>>> print(open('start-v3.cif').read())   # mmCIF, C-alpha atoms and all ligand atoms
data_model
#
loop_
_atom_site.label_atom_id
_atom_site.label_comp_id
_atom_site.auth_asym_id
_atom_site.auth_seq_id
_atom_site.Cartn_x
_atom_site.Cartn_y
_atom_site.Cartn_z
CA MET V 13 0.00 0.00 0.00
CA ASP V 14 2.75 2.44 0.97
CA SER V 15 4.51 1.74 -2.33
CA ASN V 16 1.51 3.27 -4.15
CA LYS V 17 1.71 6.34 -1.93
CA LYS V 18 5.46 6.60 -2.61
CA ILE V 19 5.20 6.26 -6.36
CA VAL V 20 2.42 8.84 -6.67
CA ALA V 21 4.29 11.24 -4.39
CA GLU V 22 7.45 10.95 -6.48
CA LYS V 23 5.49 11.63 -9.67
CA ALA V 24 4.00 14.79 -8.17
CA VAL V 25 7.42 16.10 -7.14
CA ASP V 26 8.41 16.06 -10.84
CA GLU V 27 5.98 19.00 -11.24
CA ILE V 28 8.02 21.20 -8.86
CA LYS V 29 10.37 23.54 -10.72
CA ASP V 30 13.12 25.96 -9.70
CA GLY V 31 11.89 29.21 -8.19
CA MET V 32 8.46 27.93 -7.15
CA THR V 33 6.66 28.64 -3.90
CA VAL V 34 5.14 25.28 -3.02
CA GLY V 35 2.29 24.46 -0.63
CA LEU V 36 3.28 21.40 1.36
CA GLY V 37 0.25 19.32 2.37
CA SER V 38 -0.08 16.93 5.29
CA GLY V 39 -0.46 13.21 5.90
CA SER V 40 1.20 9.89 5.16
CA THR V 41 1.20 10.31 1.36
CA VAL V 42 2.69 13.78 1.69
CA TYR V 43 5.36 12.20 3.92
CA TRP V 44 6.71 10.49 0.79
CA MET V 45 6.41 13.70 -1.21
CA LEU V 46 8.56 15.50 1.37
CA GLN V 47 11.17 12.73 1.27
CA ALA V 48 11.44 13.04 -2.52
CA LEU V 49 11.43 16.84 -2.38
CA GLY V 50 14.17 16.81 0.27
CA GLU V 51 16.35 14.77 -2.12
CA ARG V 52 15.68 17.22 -4.97
CA VAL V 53 16.60 20.16 -2.72
CA LYS V 54 19.84 18.43 -1.77
CA ASP V 55 20.56 18.11 -5.50
CA GLY V 56 20.14 21.88 -5.95
CA LEU V 57 16.44 22.52 -6.59
CA GLU V 58 15.64 26.01 -5.32
CA ILE V 59 12.12 26.35 -3.92
CA VAL V 60 10.44 27.63 -0.83
CA GLY V 61 7.71 25.65 0.92
CA ILE V 62 4.66 26.73 2.91
CA PRO V 63 3.72 23.95 5.34
CA THR V 64 0.08 23.11 6.14
CA SER V 65 0.67 21.59 9.58
CA GLN V 66 3.15 21.58 12.43
CA LYS V 67 4.03 17.97 11.54
CA THR V 68 4.84 18.89 7.94
CA GLU V 69 6.83 21.91 9.12
CA LYS V 70 8.93 19.73 11.45
CA LEU V 71 9.62 17.07 8.83
CA ALA V 72 10.39 19.63 6.11
CA LYS V 73 12.92 21.31 8.40
CA GLU V 74 14.56 17.95 9.18
CA LEU V 75 14.85 17.29 5.44
CA GLY V 76 16.42 20.69 4.74
CA ILE V 77 13.49 22.07 2.71
CA PRO V 78 13.50 25.91 2.93
CA LEU V 79 10.26 27.26 4.40
CA ALA V 80 8.42 30.56 4.45
CA ASP V 81 5.14 31.90 5.75
CA PHE V 82 2.63 34.49 4.58
CA SER V 83 4.64 37.36 6.06
CA SER V 84 7.12 36.99 3.19
CA VAL V 85 5.07 35.24 0.50
CA ASP V 86 1.75 36.23 -1.01
CA GLY V 87 1.26 33.65 -3.73
CA ILE V 88 1.68 29.91 -4.14
CA ASP V 89 2.62 28.41 -7.50
CA LEU V 90 1.75 24.82 -6.73
CA ALA V 91 0.38 22.91 -3.75
CA ILE V 92 0.66 19.15 -3.34
CA ASP V 93 -1.60 17.55 -0.76
CA GLY V 94 -3.26 14.26 0.15
CA ALA V 95 -6.96 13.44 0.64
CA ASP V 96 -9.12 10.95 2.47
CA GLU V 97 -11.64 10.66 -0.37
CA VAL V 98 -11.91 11.94 -3.96
CA ASP V 99 -15.17 11.89 -5.93
CA PRO V 100 -15.61 11.81 -9.74
CA HIS V 101 -15.81 15.65 -9.84
CA LEU V 102 -12.47 15.83 -7.97
CA ASN V 103 -14.20 17.16 -4.87
CA LEU V 104 -12.29 16.09 -1.79
CA LEU V 105 -12.90 15.03 1.78
CA LYS V 106 -9.86 15.91 3.90
CA GLY V 107 -8.81 16.33 7.51
CA GLY V 108 -8.31 12.75 8.67
CA GLY V 109 -5.11 13.97 10.31
CA GLY V 110 -6.76 17.14 11.62
CA SER V 111 -4.95 19.60 9.33
CA LEU V 112 -7.91 20.81 7.28
CA VAL V 113 -7.89 24.54 8.10
CA ARG V 114 -4.27 25.27 7.26
CA GLU V 115 -4.52 22.96 4.27
CA LYS V 116 -7.51 24.86 2.92
CA ILE V 117 -5.84 28.25 3.41
CA VAL V 118 -2.79 27.07 1.47
CA ASP V 119 -4.51 24.90 -1.14
CA ILE V 120 -7.07 27.54 -2.12
CA LEU V 121 -4.32 30.06 -2.77
CA ALA V 122 -2.32 27.77 -5.04
CA LYS V 123 -2.40 28.47 -8.76
CA ARG V 124 -2.41 24.68 -9.19
CA LEU V 125 -3.41 22.02 -6.67
CA ILE V 126 -2.24 18.45 -7.17
CA ILE V 127 -3.79 15.80 -4.93
CA ILE V 128 -1.91 12.55 -4.36
CA VAL V 129 -3.77 9.44 -3.22
CA ASP V 130 -3.73 5.69 -3.57
CA GLU V 131 -6.63 3.94 -5.26
CA THR V 132 -8.47 3.24 -1.97
CA LYS V 133 -9.38 6.95 -1.75
CA VAL V 134 -11.32 7.14 -5.03
CA VAL V 135 -15.07 6.89 -4.35
CA ASP V 136 -18.40 7.51 -6.13
CA TYR V 137 -19.73 9.67 -3.29
CA LEU V 138 -17.89 11.37 -0.43
CA GLY V 139 -18.87 10.50 3.14
CA THR V 140 -17.94 6.91 3.89
CA PHE V 141 -14.97 8.46 5.69
CA SER V 142 -16.28 10.57 8.60
CA LEU V 143 -16.29 14.26 7.69
CA PRO V 144 -13.95 16.27 9.94
CA VAL V 145 -15.36 19.65 10.99
CA GLU V 146 -13.13 22.00 13.01
CA VAL V 147 -15.03 23.92 15.70
CA VAL V 148 -14.03 26.36 18.42
CA PRO V 149 -13.93 24.64 21.82
CA PHE V 150 -16.30 27.18 23.46
CA GLY V 151 -19.84 25.83 23.17
CA TRP V 152 -18.77 22.85 21.07
CA GLU V 153 -21.63 20.76 22.49
CA THR V 154 -24.22 23.13 21.04
CA THR V 155 -22.33 23.48 17.73
CA SER V 156 -22.32 19.68 17.56
CA LYS V 157 -26.12 19.55 17.96
CA ARG V 158 -26.59 22.09 15.14
CA ILE V 159 -24.31 20.02 12.89
CA ALA V 160 -26.27 16.86 13.76
CA GLU V 161 -29.42 18.49 12.32
CA TYR V 162 -27.85 18.01 8.87
CA GLY V 163 -28.14 14.24 9.27
CA CYS V 164 -25.04 12.96 10.97
CA LEU V 165 -23.75 11.84 14.32
CA PRO V 166 -20.78 14.08 15.26
CA ARG V 167 -18.10 12.64 17.56
CA ARG V 168 -15.49 14.83 19.20
CA ARG V 169 -12.10 13.47 18.14
CA GLU V 170 -10.06 12.09 21.05
CA GLN V 171 -6.38 11.29 21.36
CA ASN V 172 -4.91 9.36 24.29
CA GLY V 173 -8.19 9.72 26.18
CA GLU V 174 -8.32 13.51 25.78
CA ALA V 175 -9.80 15.91 23.26
CA PHE V 176 -7.68 16.16 20.11
CA ILE V 177 -6.52 19.76 19.69
CA SER V 178 -5.84 21.03 16.17
CA ASP V 179 -2.80 23.14 15.24
CA ASN V 180 -5.14 26.12 15.65
CA GLY V 181 -6.21 25.21 19.19
CA ASN V 182 -9.64 23.91 18.14
CA TYR V 183 -11.62 20.66 18.38
CA ILE V 184 -12.42 18.36 15.48
CA LEU V 185 -15.86 16.78 15.22
CA ASP V 186 -15.90 13.65 13.06
CA CYS V 187 -19.32 13.50 11.44
CA ASP V 188 -20.73 10.26 10.03
CA PHE V 189 -22.92 11.07 7.05
CA GLU V 190 -22.38 7.72 5.25
CA SER V 191 -22.97 9.34 1.86
CA ILE V 192 -22.81 13.03 1.00
CA GLU V 193 -24.86 13.56 -2.15
CA LYS V 194 -24.50 17.36 -2.33
CA PRO V 195 -21.09 18.22 -0.86
CA ALA V 196 -21.08 21.89 -1.92
CA GLU V 197 -24.48 22.50 -0.30
CA LEU V 198 -23.51 20.66 2.89
CA HIS V 199 -20.28 22.64 3.15
CA GLU V 200 -22.13 25.97 2.73
CA ASN V 201 -24.70 25.02 5.35
CA LEU V 202 -22.16 23.87 7.93
CA LYS V 203 -19.99 26.97 7.38
CA LYS V 204 -22.95 29.18 8.30
CA LEU V 205 -23.13 27.71 11.81
CA VAL V 206 -21.58 29.86 14.51
CA GLY V 207 -18.70 27.94 16.07
CA VAL V 208 -17.76 26.09 12.88
CA VAL V 209 -14.29 27.12 11.72
CA GLU V 210 -14.02 24.98 8.59
CA THR V 211 -15.18 21.70 7.08
CA GLY V 212 -13.08 19.01 5.44
CA LEU V 213 -15.00 19.36 2.16
CA PHE V 214 -12.69 20.84 -0.50
CA ILE V 215 -15.06 21.67 -3.35
CA ASN V 216 -13.84 22.40 -6.86
CA MET V 217 -10.29 23.03 -5.69
CA ALA V 218 -8.17 20.19 -7.10
CA ASP V 219 -6.78 20.69 -10.60
CA VAL V 220 -5.20 17.26 -10.84
CA VAL V 221 -5.58 14.06 -8.82
CA MET V 222 -2.77 11.54 -9.13
CA VAL V 223 -3.83 8.03 -8.13
CA GLY V 224 -1.26 5.36 -7.33
CA HIS V 225 -2.26 1.76 -7.97
CA ALA V 226 -0.39 -1.43 -8.75
CA GLY V 227 2.85 0.48 -9.11
CA MET V 228 1.43 2.92 -11.67
CA VAL V 229 -0.03 6.43 -11.56
CA ASP V 230 -3.35 7.48 -13.12
CA VAL V 231 -3.77 11.20 -13.65
CA LEU V 232 -7.30 12.58 -13.27
CA THR V 233 -8.02 16.13 -14.38
CA LYS V 234 -11.06 18.34 -14.13
CA ALA V 235 -13.56 17.61 -16.93
O1 LIG Y 1 -5.58 16.22 7.93
C1 LIG Y 1 -5.02 15.48 7.12
C2 LIG Y 1 -4.99 15.71 5.68
O2 LIG Y 1 -6.17 16.22 5.14
C3 LIG Y 1 -4.43 14.56 4.85
O3 LIG Y 1 -4.00 15.11 3.65
C4 LIG Y 1 -5.43 13.45 4.58
O4 LIG Y 1 -5.96 12.98 5.80
C5 LIG Y 1 -4.81 12.28 3.79
O5 LIG Y 1 -3.80 11.72 4.54
P1 LIG Y 1 -3.08 10.36 4.16
O6 LIG Y 1 -2.27 10.62 2.96
O7 LIG Y 1 -2.28 10.01 5.38
O8 LIG Y 1 -4.17 9.34 3.93
#
>>> encode(input="start-v3.cif", output="structure tokens")
Amino acid sequence: MDSNKKIVAEKAVDEIKDGMTVGLGSGSTVYWMLQALGERVKDGLEIVGIPTSQKTEKLAKELGIPLADFSSVDGIDLAIDGADEVDPHLNLLKGGGGSLVREKIVDILAKRLIIIVDETKVVDYLGTFSLPVEVVPFGWETTSKRIAEYGCLPRRREQNGEAFISDNGNYILDCDFESIEKPAELHENLKKLVGVVETGLFINMADVVMVGHAGMVDVLTKA
């Protein structure tokens, strides 16, 4: 399984060229992307990366990848990120690792967004994977009830017996919808709720999805 993640990650790194500002996604597939990018940087590739999570920032630093933030950069040439699910319209469900807010800020700014997944992530409808929704901790119980009115059972994410805290100091509610037939509409509705910071639905954002399977890479593009 990891070999499919590695091969698709390496293919995506071929798209990174000298002088680019690159959004660095998060997750186990992006781990392989960072490894390959670190090698390219050692060989002389000159880029600057904008990390989408503290984990990615730490690993990128260990690998010698130069980093920047929005105080010195105001555009992103290319972002490469993972996803938990991809539908036929290239809409995404993300946030399994809890990094959805920073990912969305970076990915939406990128002139081109490449998503790297293995074949297990490609689905007909989003929603088999629980939808992560980041909420502010204050009043999260009432925010959770409002979210539930849209037809799901939200669970506050826990880690080691305590509430999981995002990089932004918030909670994540994992919401079981089973099947999300209208992802854009659901995203808009959830975003209107006070207390909701962001949802893991990334609508109409991916330009390319690279899918690793059986040692090969399929490239899906927007129709
Ligand atoms: O919060 C995590 C991110 O959205 C990841 O990009 C997503 O969960 C996919 O991660 P992985 O490549 O580990 O399946």
>>> residues_near_ligand(input="start-v3.cif", ligand="ligand LIG 1 (chain Y)", cutoff="10 Å", atoms="all atoms listed in the file", output="short mmCIF file (atom, residue, chain, number, x, y, z; two decimals) with C-alpha atoms, keeping the file's coordinate frame")
data_model
loop_
_atom_site.label_atom_id
_atom_site.label_comp_id
_atom_site.auth_asym_id
_atom_site.auth_seq_id
_atom_site.Cartn_x
_atom_site.Cartn_y
_atom_site.Cartn_z
CA ASP V 14 2.75 2.44 0.97
CA LYS V 17 1.71 6.34 -1.93
CA ALA V 21 4.29 11.24 -4.39
CA LEU V 36 3.28 21.40 1.36
CA GLY V 37 0.25 19.32 2.37
CA SER V 38 -0.08 16.93 5.29
CA GLY V 39 -0.46 13.21 5.90
CA SER V 40 1.20 9.89 5.16
CA THR V 41 1.20 10.31 1.36
CA VAL V 42 2.69 13.78 1.69
CA TYR V 43 5.36 12.20 3.92
CA TRP V 44 6.71 10.49 0.79
CA THR V 64 0.08 23.11 6.14
CA SER V 65 0.67 21.59 9.58
CA ILE V 92 0.66 19.15 -3.34
CA ASP V 93 -1.60 17.55 -0.76
CA GLY V 94 -3.26 14.26 0.15
CA ALA V 95 -6.96 13.44 0.64
CA ASP V 96 -9.12 10.95 2.47
CA GLU V 97 -11.64 10.66 -0.37
CA LEU V 104 -12.29 16.09 -1.79
CA LEU V 105 -12.90 15.03 1.78
CA LYS V 106 -9.86 15.91 3.90
CA GLY V 107 -8.81 16.33 7.51
CA GLY V 108 -8.31 12.75 8.67
CA GLY V 109 -5.11 13.97 10.31
CA GLY V 110 -6.76 17.14 11.62
CA SER V 111 -4.95 19.60 9.33
CA LEU V 112 -7.91 20.81 7.28
CA VAL V 113 -7.89 24.54 8.10
CA ARG V 114 -4.27 25.27 7.26
CA GLU V 115 -4.52 22.96 4.27
CA LYS V 116 -7.51 24.86 2.92
CA ILE V 127 -3.79 15.80 -4.93
CA ILE V 128 -1.91 12.55 -4.36
CA VAL V 129 -3.77 9.44 -3.22
CA ASP V 130 -3.73 5.69 -3.57
CA THR V 132 -8.47 3.24 -1.97
CA LYS V 133 -9.38 6.95 -1.75
CA PRO V 144 -13.95 16.27 9.94
CA SER V 178 -5.84 21.03 16.17
CA GLY V 212 -13.08 19.01 5.44
CA LEU V 213 -15.00 19.36 2.16
CA PHE V 214 -12.69 20.84 -0.50
#
>>> residues_around(input="start-v3.cif", residues="V:Gly56", least_positions_apart="3", cutoff="12 Å", atoms="all atoms listed in the file", output="list in words")
Lys29, Asp30, Gly31, Leu49, Gly50, Glu51, Arg52, Val53, Ile59, Gly76, Ile77 and Pro78 of chain V
>>> residues_near_point(input="start-v3.cif", point="(-20.6, 10.7, 1.1)", cutoff="7 Å", atoms="all atoms listed in the file", output="list in words")
Tyr137, Leu138, Gly139, Thr140, Phe189, Glu190, Ser191, Ile192 and Glu193 of chain V
>>> residues_around(input="start-v3.cif", residues="V:Arg168", least_positions_apart="6", cutoff="10 Å", atoms="only C-alpha atoms", output="PyMOL selection string")
chain V and resi 144-147+152-153+156+174-176+183-187
>>> atom_distance(input="start-v3.cif", atom1="atom CA of V:Val223", atom2="atom CA of V:Leu125")
14.1 Å
>>> atom_distance(input="start-v3.cif", atom1="atom CA of V:Glu197", atom2="atom CA of V:Ile215")
9.9 Å
>>> build_atoms(input="start-v3.cif", residues="stretch 134-156 of chain V", atoms="N, CA and C atoms", output="short mmCIF file (atom, residue, chain, number, x, y, z; two decimals), in the frame of the given file")
data_model
loop_
_atom_site.label_atom_id
_atom_site.label_comp_id
_atom_site.auth_asym_id
_atom_site.auth_seq_id
_atom_site.Cartn_x
_atom_site.Cartn_y
_atom_site.Cartn_z
N VAL V 134 -10.43 6.71 -3.94
CA VAL V 134 -11.32 7.14 -5.03
C VAL V 134 -12.70 6.52 -4.83
N VAL V 135 -13.73 7.37 -4.70
CA VAL V 135 -15.07 6.89 -4.35
C VAL V 135 -16.12 7.51 -5.30
N ASP V 136 -17.30 6.93 -5.33
CA ASP V 136 -18.40 7.51 -6.13
C ASP V 136 -19.00 8.72 -5.42
N TYR V 137 -19.19 8.58 -4.11
CA TYR V 137 -19.73 9.67 -3.29
C TYR V 137 -18.85 9.85 -2.06
N LEU V 138 -18.62 11.10 -1.67
CA LEU V 138 -17.89 11.37 -0.43
C LEU V 138 -18.75 10.97 0.76
N GLY V 139 -18.10 10.67 1.90
CA GLY V 139 -18.87 10.50 3.14
C GLY V 139 -18.76 9.16 3.82
N THR V 140 -18.18 8.16 3.17
CA THR V 140 -17.94 6.91 3.89
C THR V 140 -16.94 7.17 5.00
N PHE V 141 -15.92 7.96 4.69
CA PHE V 141 -14.97 8.46 5.69
C PHE V 141 -15.69 9.56 6.48
N SER V 142 -15.60 9.54 7.80
CA SER V 142 -16.28 10.57 8.60
C SER V 142 -15.76 11.96 8.21
N LEU V 143 -16.69 12.91 8.08
CA LEU V 143 -16.29 14.26 7.69
C LEU V 143 -15.76 15.04 8.89
N PRO V 144 -14.49 15.46 8.85
CA PRO V 144 -13.95 16.27 9.94
C PRO V 144 -14.44 17.72 9.83
N VAL V 145 -14.93 18.25 10.94
CA VAL V 145 -15.36 19.65 10.99
C VAL V 145 -14.63 20.28 12.18
N GLU V 146 -13.86 21.34 11.91
CA GLU V 146 -13.13 22.00 13.01
C GLU V 146 -14.05 23.03 13.65
N VAL V 147 -14.14 22.99 14.98
CA VAL V 147 -15.03 23.92 15.70
C VAL V 147 -14.25 24.56 16.85
N VAL V 148 -14.67 25.75 17.24
CA VAL V 148 -14.03 26.36 18.42
C VAL V 148 -14.47 25.60 19.66
N PRO V 149 -13.58 25.44 20.64
CA PRO V 149 -13.93 24.64 21.82
C PRO V 149 -15.12 25.23 22.60
N PHE V 150 -15.21 26.58 22.68
CA PHE V 150 -16.30 27.18 23.46
C PHE V 150 -17.64 26.78 22.83
N GLY V 151 -18.49 26.18 23.64
CA GLY V 151 -19.84 25.83 23.17
C GLY V 151 -19.88 24.70 22.16
N TRP V 152 -18.83 23.87 22.13
CA TRP V 152 -18.77 22.85 21.07
C TRP V 152 -19.95 21.88 21.14
N GLU V 153 -20.50 21.71 22.35
CA GLU V 153 -21.63 20.76 22.49
C GLU V 153 -22.84 21.26 21.69
N THR V 154 -23.07 22.59 21.76
CA THR V 154 -24.22 23.13 21.04
C THR V 154 -23.94 23.19 19.53
N THR V 155 -22.69 23.50 19.16
CA THR V 155 -22.33 23.48 17.73
C THR V 155 -22.54 22.07 17.17
N SER V 156 -22.17 21.08 17.98
CA SER V 156 -22.32 19.68 17.56
C SER V 156 -23.79 19.34 17.29
#
